[in-house]
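Here is entry.pdb, consisting of PDB, C-alpha atoms, pLDDT in the B column:
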ATOM      1  CA  MET R 587     141.194 -18.745 -86.287  1.00 54.00           C
ATOM      2  CA  MET R 588     140.999 -18.928 -90.056  1.00 60.00           C
ATOM      3  CA  LEU R 589     142.243 -22.504 -90.037  1.00 60.00           C
ATOM      4  CA  LYS R 590     139.523 -23.457 -87.584  1.00 63.00           C
ATOM      5  CA  GLN R 591     136.839 -22.038 -89.868  1.00 64.00           C
ATOM      6  CA  LYS R 592     138.224 -23.941 -92.874  1.00 61.00           C
ATOM      7  CA  SER R 593     138.226 -27.231 -91.038  1.00 62.00           C
ATOM      8  CA  GLN R 594     134.720 -26.602 -89.759  1.00 61.00           C
ATOM      9  CA  LEU R 595     133.582 -25.747 -93.302  1.00 58.00           C
ATOM     10  CA  LYS R 596     135.087 -29.001 -94.561  1.00 58.00           C
ATOM     11  CA  LYS R 597     133.273 -30.912 -91.862  1.00 57.00           C
ATOM     12  CA  THR R 598     129.916 -29.341 -92.664  1.00 57.00           C
ATOM     13  CA  PHE R 599     130.349 -29.800 -96.416  1.00 56.00           C
ATOM     14  CA  PHE R 600     131.426 -33.452 -96.237  1.00 55.00           C
ATOM     15  CA  ILE R 601     129.070 -34.668 -93.548  1.00 57.00           C
ATOM     16  CA  PHE R 602     127.976 -37.587 -95.679  1.00 58.00           C
ATOM     17  CA  SER R 603     129.405 -41.069 -95.313  1.00 65.00           C
ATOM     18  CA  GLY R 604     131.097 -42.950 -98.169  1.00 73.00           C
ATOM     19  CA  ALA R 605     127.891 -44.318 -99.776  1.00 78.00           C
ATOM     20  CA  ALA R 606     126.064 -41.015 -99.483  1.00 79.00           C
ATOM     21  CA  ARG R 607     129.038 -39.174-100.920  1.00 80.00           C
ATOM     22  CA  LEU R 608     129.041 -41.561-103.903  1.00 85.00           C
ATOM     23  CA  LEU R 609     125.346 -40.914-104.409  1.00 87.00           C
ATOM     24  CA  GLN R 610     125.991 -37.181-104.186  1.00 87.00           C
ATOM     25  CA  ARG R 611     128.647 -37.423-106.903  1.00 88.00           C
ATOM     26  CA  ARG R 612     126.376 -39.495-109.138  1.00 92.00           C
ATOM     27  CA  VAL R 613     123.585 -36.942-108.807  1.00 93.00           C
ATOM     28  CA  LEU R 614     126.033 -34.186-109.658  1.00 93.00           C
ATOM     29  CA  VAL R 615     127.325 -36.050-112.727  1.00 94.00           C
ATOM     30  CA  LEU R 616     123.786 -36.832-113.903  1.00 95.00           C
ATOM     31  CA  SER R 617     122.807 -33.190-113.421  1.00 96.00           C
ATOM     32  CA  VAL R 618     125.729 -32.058-115.539  1.00 96.00           C
ATOM     33  CA  ILE R 619     124.838 -34.613-118.227  1.00 96.00           C
ATOM     34  CA  ALA R 620     121.199 -33.470-118.186  1.00 96.00           C
ATOM     35  CA  ALA R 621     122.309 -29.840-118.537  1.00 96.00           C
ATOM     36  CA  LEU R 622     124.503 -30.774-121.497  1.00 96.00           C
ATOM     37  CA  ILE R 623     121.643 -32.657-123.152  1.00 96.00           C
ATOM     38  CA  PHE R 624     119.307 -29.676-122.774  1.00 96.00           C
ATOM     39  CA  THR R 625     121.978 -27.348-124.148  1.00 96.00           C
ATOM     40  CA  TYR R 626     122.563 -29.644-127.113  1.00 96.00           C
ATOM     41  CA  ALA R 627     118.814 -29.865-127.794  1.00 95.00           C
ATOM     42  CA  GLY R 628     118.532 -26.086-127.707  1.00 94.00           C
ATOM     43  CA  LEU R 629     121.443 -25.648-130.102  1.00 94.00           C
ATOM     44  CA  ALA R 630     120.058 -28.298-132.457  1.00 95.00           C
ATOM     45  CA  ASN R 631     116.719 -26.487-132.419  1.00 95.00           C
ATOM     46  CA  ASP R 632     118.447 -23.203-133.283  1.00 94.00           C
ATOM     47  CA  VAL R 633     120.276 -24.812-136.200  1.00 94.00           C
ATOM     48  CA  ALA R 634     117.040 -26.336-137.523  1.00 94.00           C
ATOM     49  CA  THR R 635     115.276 -22.978-137.271  1.00 95.00           C
ATOM     50  CA  GLU R 636     118.099 -21.197-139.101  1.00 94.00           C
ATOM     51  CA  GLY R 637     118.033 -23.880-141.820  1.00 93.00           C
ATOM     52  CA  TYR R 638     114.289 -23.401-142.309  1.00 94.00           C
ATOM     53  CA  GLN R 639     114.690 -19.631-142.518  1.00 94.00           C
ATOM     54  CA  LEU R 640     117.513 -20.067-145.026  1.00 95.00           C
ATOM     55  CA  SER R 641     115.435 -22.326-147.266  1.00 94.00           C
ATOM     56  CA  THR R 642     112.494 -19.903-147.075  1.00 94.00           C
ATOM     57  CA  ALA R 643     114.766 -16.988-148.022  1.00 95.00           C
ATOM     58  CA  THR R 644     116.237 -19.013-150.908  1.00 96.00           C
ATOM     59  CA  GLU R 645     112.745 -19.746-152.243  1.00 96.00           C
ATOM     60  CA  GLU R 646     111.837 -16.069-151.966  1.00 96.00           C
ATOM     61  CA  ILE R 647     115.005 -15.071-153.855  1.00 97.00           C
ATOM     62  CA  ALA R 648     114.138 -17.524-156.650  1.00 96.00           C
ATOM     63  CA  SER R 649     110.607 -16.123-156.850  1.00 96.00           C
ATOM     64  CA  LEU R 650     111.874 -12.534-156.955  1.00 97.00           C
ATOM     65  CA  ARG R 651     114.385 -13.388-159.697  1.00 97.00           C
ATOM     66  CA  LYS R 652     111.589 -14.936-161.761  1.00 97.00           C
ATOM     67  CA  THR R 653     109.470 -11.808-161.244  1.00 97.00           C
ATOM     68  CA  GLN R 654     112.422  -9.628-162.245  1.00 97.00           C
ATOM     69  CA  ALA R 655     112.941 -11.644-165.438  1.00 96.00           C
ATOM     70  CA  ASN R 656     109.250 -11.273-166.315  1.00 96.00           C
ATOM     71  CA  LEU R 657     109.417  -7.522-165.707  1.00 97.00           C
ATOM     72  CA  GLU R 658     112.510  -7.231-167.892  1.00 96.00           C
ATOM     73  CA  LEU R 659     110.616  -9.035-170.661  1.00 95.00           C
ATOM     74  CA  ASP R 660     107.712  -6.598-170.247  1.00 93.00           C
ATOM     75  CA  ILE R 661     110.132  -3.662-170.499  1.00 93.00           C
ATOM     76  CA  ALA R 662     111.729  -5.110-173.641  1.00 92.00           C
ATOM     77  CA  ALA R 663     108.280  -5.632-175.177  1.00 91.00           C
ATOM     78  CA  ALA R 664     107.284  -2.044-174.334  1.00 88.00           C
ATOM     79  CA  ARG R 665     110.468  -0.713-175.975  1.00 89.00           C
ATOM     80  CA  SER R 666     110.068  -2.774-179.140  1.00 90.00           C
ATOM     81  CA  LEU R 667     109.639  -0.987-182.481  1.00 87.00           C
ATOM     82  CA  PRO R 668     106.099  -2.286-183.192  1.00 86.00           C
ATOM     83  CA  ARG R 669     104.948  -1.150-179.730  1.00 87.00           C
ATOM     84  CA  VAL R 670     106.512   2.300-180.156  1.00 84.00           C
ATOM     85  CA  ALA R 671     104.996   2.629-183.649  1.00 82.00           C
ATOM     86  CA  ALA R 672     101.564   1.765-182.255  1.00 83.00           C
ATOM     87  CA  ALA R 673     101.996   4.329-179.482  1.00 83.00           C
ATOM     88  CA  VAL R 674     102.976   6.996-182.023  1.00 82.00           C
ATOM     89  CA  GLY R 675      99.767   6.369-183.963  1.00 78.00           C
ATOM     90  CA  SER R 676      97.559   6.422-180.863  1.00 82.00           C
ATOM     91  CA  LEU R 677      99.117   9.670-179.588  1.00 84.00           C
ATOM     92  CA  SER R 678      98.490  11.464-182.916  1.00 80.00           C
ATOM     93  CA  LEU R 679     102.158  12.288-183.382  1.00 80.00           C
ATOM     94  CA  VAL R 680     103.364  13.372-186.812  1.00 79.00           C
ATOM     95  CA  PRO R 681     106.822  12.937-188.308  1.00 79.00           C
ATOM     96  CA  ALA R 682     109.080  15.971-188.391  1.00 82.00           C
ATOM     97  CA  SER R 683     109.177  17.654-191.802  1.00 84.00           C
ATOM     98  CA  SER R 684     112.727  18.929-191.561  1.00 86.00           C
ATOM     99  CA  ILE R 685     115.442  18.040-189.118  1.00 87.00           C
ATOM    100  CA  GLU R 686     118.087  20.589-188.210  1.00 86.00           C
ATOM    101  CA  TYR R 687     121.173  19.817-186.174  1.00 86.00           C
ATOM    102  CA  ALA R 688     122.972  22.428-184.079  1.00 81.00           C
ATOM    103  CA  THR R 689     126.667  22.759-184.798  1.00 79.00           C
ATOM    104  CA  PRO R 690     128.797  24.291-182.067  1.00 71.00           C
ATOM    105  CA  THR R 691     130.859  27.255-183.163  1.00 71.00           C
ATOM    106  CA  ALA R 692     133.103  27.387-180.098  1.00 67.00           C
ATOM    107  CA  THR R 693     134.256  24.987-177.460  1.00 69.00           C
ATOM    108  CA  ALA R 694     132.242  26.701-174.715  1.00 66.00           C
ATOM    109  CA  VAL R 695     128.585  25.878-174.370  1.00 64.00           C
ATOM    110  CA  ALA R 696     127.568  28.871-172.283  1.00 67.00           C
ATOM    111  CA  VAL R 697     128.942  32.370-172.645  1.00 61.00           C
ATOM    112  CA  ARG R 698     128.881  35.034-169.924  1.00 62.00           C
TER     113      ARG R 698
END
Could you render the structure as structure tokens?
Amino acid sequence: MMLKQKSQLKKTFFIFSGAARLLQRRVLVLSVIAALIFTYAGLANDVATEGYQLSTATEEIASLRKTQANLELDIAAARSLPRVAAAVGSLSLVPASSIEYATPTATAVAVR
């Protein structure tokens, strides 16, 4: 019974004559080629998109590094001696008259 069904399935699947079967194979091959072309185009598009995002990120990194360098220069200028001296004068700070240093008498800092 199973053999009969297989032979009947073969007959219904290959009902085309030789020329029609050749046409069927050509359509199948062209369909596979078209699917491969669309897949390749999609992958090429993905690679181009990733490349654009990479170049945009690289430009942003360069811009952020430049901003960081400028901020580091601003910090160095704010810490400079002339800037600190000007800030001391504007804050009405006075120099200390006498400076005393604490000398530890024991090795422990806190005693219970």
Å distance separating CA of Arg651 (chain R) from CA of Ala664 (chain R), one decimal place: 19.8 Å
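Rounded to one decimal, CA of Arg611 (chain R) and CA of Thr625 (chain R) lie 21.1 Å from each other.
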Between CA of Ala673 (chain R) and CA of Ile685 (chain R), distance in Å (one decimal): 21.5 Å
